[in-house]
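Let me begin by presenting the structure, written as structure tokens, before commenting on it.
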Amino acid sequence: MTSAIKPGRVLFVAGYATFLAAFNETFLNVALNPIMQDLSVNAGIVQWVSTAYMLAAAVMVPVAGFLYKKIRTSLLMAMSLVLLVAGSIIGGFAPNFAILVVARVVQALGTGMIVPVGMNLTLAVAPKNKIGTYMGIIGAMTTFGPAFGPIAAGLLLAHGTWHTLCFALAALSVICLVCSILWVGDIAQLTHPHMDALSVTLAAIGLIGLLYGVSTVFSGQIVVAIVTLVVGVVALVAFVLRQRRIPEPFLNLEPFGNRAFVLGVLLVIAALMTVFSMNILLPLFMESALGFTPLQAALTLLPACLVSCVLSPVAGKVFDRFGVGWLVSIGMAVIACFVLALSFTGGATTSLRIVLLYAPAIAGCACVMGPAQSYALSSLDRRMYPHGVTIVSTTFQIAGCVGSSVFVGILSAVSAAHEASGESAAAGTAAGFDIACRVAFAVDVLGFIAAVALARVEAKAKAAATAGAGESNVSEPGLEQADEPSLADAMKRDVYSVTAADSAYDALLVMVHNGTTGIPVLDEHQHAVGFVTDGDIMRTLIGDTADKASMSYVYALWVQSDKFMHRVAGLRQTNVMEICTHRVVTVGVHAPIRRVCEMLAGNRIKKLPVTGGEDGKQVIGVISRSDLMRYMVATAVPTDE
């Protein structure tokens, strides 16, 4: 990032825009009855207000990942918000149902871009030691938005019409648009990728077929649903096969080869299916089975919304400090337990009891959403961030649509069966709600299993990162021979380093003056708390989020002397801990040469801090690939050559 870009302001815009996108998905849910009456449509038709929106948004998400590398960041964010404003205004003036659906599609074209662009912006500006906190805020918006939508709509409908809702959203979006124009700079480095038209077509057919098929499976149109699902699945399979064959894929599927990423995505899906479905199931249950007014139902959901808003950033900070494993495991367990408890509420519960059961479930979601997606994305190479974000953002739409359709479909089917047997509509809705919650519980149990698996992956990663560290004084089996070469003979004992309190500028000076490409960051005990490379400095200098910074761009800055010096001076304002790698791989001074080579190769790094000293953890030297090569050649070549 450049000194002109303020991470806090960018985070505000990304979070605000993400909130609007998620908020808009449920904002009109409580207005469906007034829309039906005003525009003379039935329940089957009015559902297209939500269905058309989710279908269009789902198609736009992968397109947004492509546009992020094609269009300037500031312009792309502004374009997405302009579409949201335009769609909201069209909806406010809509004279008939067809125009309202068009308005929702225009909104979706914008919000489908907002979520992935906002996440990419957040990853680009987030300091490395605060990724969890920053993504926790975005996670809070993805859960707070859809949860708060029905509440805000209920309050506004008490004093206006459904047209008022559209104009209110337009006003909120205009504020976000102004902030975006003022504060969001051109952060992403453009690579101008080529768009493969066939890939886009296959992705659109696949997503629309999948989501439309799921949304209609409980409507009685079984044949249509099955045919649509088959077409969607075939198109998605063809899409995946094409991405593997073309030289420049529309969506790089490499993140799916990362187990941590896959498990994180599965956790996000499980949590989101619960959140989105409950935001529809609970109002239906409270209004139809318990006789609540829309306003009473909205106020009952409010405490859970506030819990989500407060707890999500806290969960991000906990993730930054302690990791993801136990946090998401506890979160999924809490979700599962309280969703199961909701399934036993029956048709005579109170508002307080719903609050006491629903708020903990949302608290569990807050502990899962942000940390799971943060760990999933941070487990990828930086060059894979945009593709990972596109995949995660697409799962938002899929999870929301599938969760809502399946669970509401179950409620409707069970309710209809009970009414056909002579029970009241209220009793049928209560029974349908109970069954839907139990199915959601089963999904959450699967999410808990994924959380435990992710905890094991993280534990193994930490063990690998610390393997051979200071306490690694014992050779591996088969390496105990006295003549086994030790790295103590090959390493450099001059340790060039900076402290955790130093700036990126200080690190740059140390590397330049000592002719090295990477140095450890040490605490007051001389323990390694980070490792900073010239690549980290370059990316900070030019605002590049790619894995390999562009030297061509550095040269272009350098020839503009004033601009280059301004960027270099700006490094004084960046603490080195914000840009360095925190999970430092170290090796003990008594480790054998073979172990050092394995660690360098296995972790795909060029240099390792060497630990020893009184506590075995102090950095006492550095070993690099070039050091090892010099040592090996020196010991192999005869002394007379």
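Identifiers in this document derive from the order of the structure tokens: chains are assigned A, B, ..., residues are numbered from 1 separately in each chain, and ligands are numbered from 1 in order of occurrence.
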
Spatial neighbours of Met54 in chain A, 10 Å, only C-alpha atoms, chain gap at least 2 places, as a PyMOL selection string | chain A and resi 25+48-52+56-60+104-105+108-109+111-112+208+211-212+397-398+400-401

Selection to disk with N, CA, C and O atoms, as an mmCIF file, in the first residue's frame:
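The result, written out as part_24.cif:
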data_model
loop_
_atom_site.group_PDB
_atom_site.id
_atom_site.type_symbol
_atom_site.label_atom_id
_atom_site.label_comp_id
_atom_site.auth_asym_id
_atom_site.auth_seq_id
_atom_site.Cartn_x
_atom_site.Cartn_y
_atom_site.Cartn_z
ATOM 1 N N GLU A 25 -29.930 -8.438 0.930
ATOM 2 C CA GLU A 25 -30.430 -9.776 0.622
ATOM 3 C C GLU A 25 -31.694 -10.116 1.409
ATOM 4 O O GLU A 25 -32.517 -10.912 0.954
ATOM 5 N N TRP A 48 -39.716 -14.251 -6.571
ATOM 6 C CA TRP A 48 -38.701 -13.847 -7.535
ATOM 7 C C TRP A 48 -37.986 -12.571 -7.130
ATOM 8 O O TRP A 48 -36.909 -12.265 -7.641
ATOM 9 N N VAL A 49 -38.571 -11.817 -6.203
ATOM 10 C CA VAL A 49 -37.865 -10.645 -5.666
ATOM 11 C C VAL A 49 -36.547 -11.081 -5.031
ATOM 12 O O VAL A 49 -35.515 -10.418 -5.176
ATOM 13 N N SER A 50 -36.577 -12.217 -4.335
ATOM 14 C CA SER A 50 -35.363 -12.748 -3.709
ATOM 15 C C SER A 50 -34.581 -13.654 -4.653
ATOM 16 O O SER A 50 -33.351 -13.567 -4.739
ATOM 17 N N THR A 51 -35.297 -14.519 -5.375
ATOM 18 C CA THR A 51 -34.629 -15.497 -6.239
ATOM 19 C C THR A 51 -33.839 -14.824 -7.354
ATOM 20 O O THR A 51 -32.674 -15.162 -7.600
ATOM 21 N N ALA A 52 -34.448 -13.860 -8.050
ATOM 22 C CA ALA A 52 -33.761 -13.165 -9.142
ATOM 23 C C ALA A 52 -32.531 -12.432 -8.625
ATOM 24 O O ALA A 52 -31.481 -12.409 -9.282
ATOM 25 N N ALA A 56 -28.653 -13.409 -9.915
ATOM 26 C CA ALA A 56 -27.812 -12.407 -10.577
ATOM 27 C C ALA A 56 -26.540 -12.131 -9.779
ATOM 28 O O ALA A 56 -25.452 -12.004 -10.347
ATOM 29 N N ALA A 57 -26.670 -12.057 -8.448
ATOM 30 C CA ALA A 57 -25.492 -11.807 -7.607
ATOM 31 C C ALA A 57 -24.499 -12.959 -7.704
ATOM 32 O O ALA A 57 -23.278 -12.741 -7.762
ATOM 33 N N ALA A 58 -25.014 -14.197 -7.725
ATOM 34 C CA ALA A 58 -24.128 -15.359 -7.806
ATOM 35 C C ALA A 58 -23.321 -15.356 -9.099
ATOM 36 O O ALA A 58 -22.136 -15.722 -9.109
ATOM 37 N N VAL A 59 -23.931 -14.942 -10.199
ATOM 38 C CA VAL A 59 -23.226 -14.905 -11.487
ATOM 39 C C VAL A 59 -22.161 -13.812 -11.493
ATOM 40 O O VAL A 59 -21.083 -13.972 -12.069
ATOM 41 N N MET A 60 -22.436 -12.696 -10.811
ATOM 42 C CA MET A 60 -21.509 -11.561 -10.840
ATOM 43 C C MET A 60 -20.266 -11.788 -9.988
ATOM 44 O O MET A 60 -19.230 -11.165 -10.237
ATOM 45 N N ARG A 104 -34.181 -5.259 -8.838
ATOM 46 C CA ARG A 104 -33.416 -6.171 -7.980
ATOM 47 C C ARG A 104 -32.225 -6.773 -8.716
ATOM 48 O O ARG A 104 -31.153 -6.970 -8.135
ATOM 49 N N VAL A 105 -32.387 -7.049 -9.985
ATOM 50 C CA VAL A 105 -31.275 -7.582 -10.778
ATOM 51 C C VAL A 105 -30.180 -6.532 -10.910
ATOM 52 O O VAL A 105 -28.985 -6.843 -10.788
ATOM 53 N N ALA A 108 -28.316 -6.440 -7.788
ATOM 54 C CA ALA A 108 -27.474 -7.632 -7.650
ATOM 55 C C ALA A 108 -26.206 -7.535 -8.486
ATOM 56 O O ALA A 108 -25.154 -8.053 -8.095
ATOM 57 N N LEU A 109 -26.273 -6.868 -9.642
ATOM 58 C CA LEU A 109 -25.069 -6.683 -10.459
ATOM 59 C C LEU A 109 -24.025 -5.888 -9.685
ATOM 60 O O LEU A 109 -22.817 -6.091 -9.856
ATOM 61 N N THR A 111 -24.060 -5.553 -6.029
ATOM 62 C CA THR A 111 -23.687 -6.236 -4.789
ATOM 63 C C THR A 111 -22.891 -7.508 -5.052
ATOM 64 O O THR A 111 -22.092 -7.933 -4.220
ATOM 65 N N GLY A 112 -23.115 -8.120 -6.223
ATOM 66 C CA GLY A 112 -22.312 -9.294 -6.569
ATOM 67 C C GLY A 112 -20.845 -8.965 -6.708
ATOM 68 O O GLY A 112 -19.973 -9.824 -6.507
ATOM 69 N N ILE A 208 -26.734 -20.562 -12.149
ATOM 70 C CA ILE A 208 -28.179 -20.335 -12.259
ATOM 71 C C ILE A 208 -28.931 -21.666 -12.196
ATOM 72 O O ILE A 208 -29.948 -21.789 -11.501
ATOM 73 N N LEU A 211 -28.721 -23.046 -8.448
ATOM 74 C CA LEU A 211 -29.493 -22.291 -7.467
ATOM 75 C C LEU A 211 -30.987 -22.298 -7.791
ATOM 76 O O LEU A 211 -31.823 -22.406 -6.885
ATOM 77 N N TYR A 212 -31.328 -22.183 -9.064
ATOM 78 C CA TYR A 212 -32.751 -22.204 -9.424
ATOM 79 C C TYR A 212 -33.347 -23.584 -9.154
ATOM 80 O O TYR A 212 -34.476 -23.703 -8.658
ATOM 81 N N GLN A 397 -23.103 -16.651 -1.804
ATOM 82 C CA GLN A 397 -24.366 -16.659 -2.542
ATOM 83 C C GLN A 397 -24.980 -18.058 -2.570
ATOM 84 O O GLN A 397 -26.192 -18.224 -2.394
ATOM 85 N N ILE A 398 -24.134 -19.064 -2.792
ATOM 86 C CA ILE A 398 -24.643 -20.443 -2.854
ATOM 87 C C ILE A 398 -25.214 -20.861 -1.502
ATOM 88 O O ILE A 398 -26.317 -21.420 -1.418
ATOM 89 N N GLY A 400 -26.294 -18.945 0.939
ATOM 90 C CA GLY A 400 -27.503 -18.189 1.243
ATOM 91 C C GLY A 400 -28.709 -18.710 0.493
ATOM 92 O O GLY A 400 -29.790 -18.906 1.068
ATOM 93 N N CYS A 401 -28.540 -18.953 -0.797
ATOM 94 C CA CYS A 401 -29.655 -19.417 -1.619
ATOM 95 C C CYS A 401 -30.059 -20.843 -1.254
ATOM 96 O O CYS A 401 -31.245 -21.132 -1.055
#

Helix (DSSP H, G or I) per DSSP on the backbone: members of range 370-603 of chain A, as a PyMOL selection string = chain A and resi 370-378+382-420+425-466+487-489+504-514+534-542+551-559+561-573+576-578+593-602

Between A:Leu157, A:Leu251, A:Leu81, A:Ile519, single out the one closest to Pro193 in chain A, counting only C-alpha atoms.
->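 Going through A:Leu157, A:Leu251, A:Leu81, A:Ile519 one by one, the smallest distance to Pro193 in chain A is for A:Leu251.
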
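As for CA of Val117 in chain A and CA of Ile537 in chain A, they are spaced 24.2 Å apart.
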
Dump as JSON lines the rows for residues of range 10-71 of chain A within 12 Å of range 252-269 of chain A: closest atom pair and distance in Å with one decimal, only C-alpha atoms counted, ordered by chain and rising residue number.
{"residue": "A:Pro62", "atom": "CA", "partner": "A:Asn252", "partner_atom": "CA", "distance": 10.5}
{"residue": "A:Gly65", "atom": "CA", "partner": "A:Asn252", "partner_atom": "CA", "distance": 10.2}
{"residue": "A:Phe66", "atom": "CA", "partner": "A:Asn252", "partner_atom": "CA", "distance": 10.3}

Selected residues written out, C-alpha atoms, as a PDB file, in the first residue's frame:
ATOM      1  CA  PRO A  62     -16.760 -14.749 -10.364  1.00  0.00           C
ATOM      2  CA  GLY A  65     -12.765 -11.595  -9.487  1.00  0.00           C
ATOM      3  CA  PHE A  66     -11.809 -11.095 -13.130  1.00  0.00           C
TER       4      PHE A  66
END

For Leu377 in chain A, please output as a VMD selection string all residues within 12 Å (counting only C-alpha atoms; exclusion window: fewer than 3 positions along the same chain).
-> chain A and resid 119 to 120 122 to 124 131 to 132 135 255 to 256 258 to 265 268 370 to 374 380 to 393

Leaving out Phe292 in chain A and any residue of its chain fewer than 2 positions from it, which residues lie within 12 Å of it when counting only C-alpha atoms, given as a list of chain:residue names?
->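 Listed by chain and then number, they are A:Gly154, A:Leu282, A:Pro283, A:Leu284, A:Phe285, A:Met286, A:Glu287, A:Ser288, A:Ala289, A:Leu290, A:Pro294, A:Leu295, A:Gln296, A:Ala297, A:Ala298, A:Leu299, A:Thr300, A:Gly347, A:Ala348, A:Thr349, A:Thr350, A:Ser351, A:Ala426.
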
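Between Gln573 in chain A and the candidates A:Ala501, A:Ala430, A:Leu311, A:Leu272, the tightest atom-to-atom separation, counting only C-alpha atoms, involves A:Ala501.
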
What does the distance between CA of Val334 in chain A and CA of Ala152 in chain A come to in Å, to one decimal place?
->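 Pair CA of Val334 in chain A / CA of Ala152 in chain A returns 26.8 Å.
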
If we count only C-alpha atoms, what is near Ser412 in chain A at a cut-off of 9 Å, once residues fewer than 5 positions away on the same chain are taken out, given as a list in words?
->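 Result of the neighbour search: Phe218, Phe407, Ala417, Gly428, Thr429, Gly432 and Phe433 of chain A.
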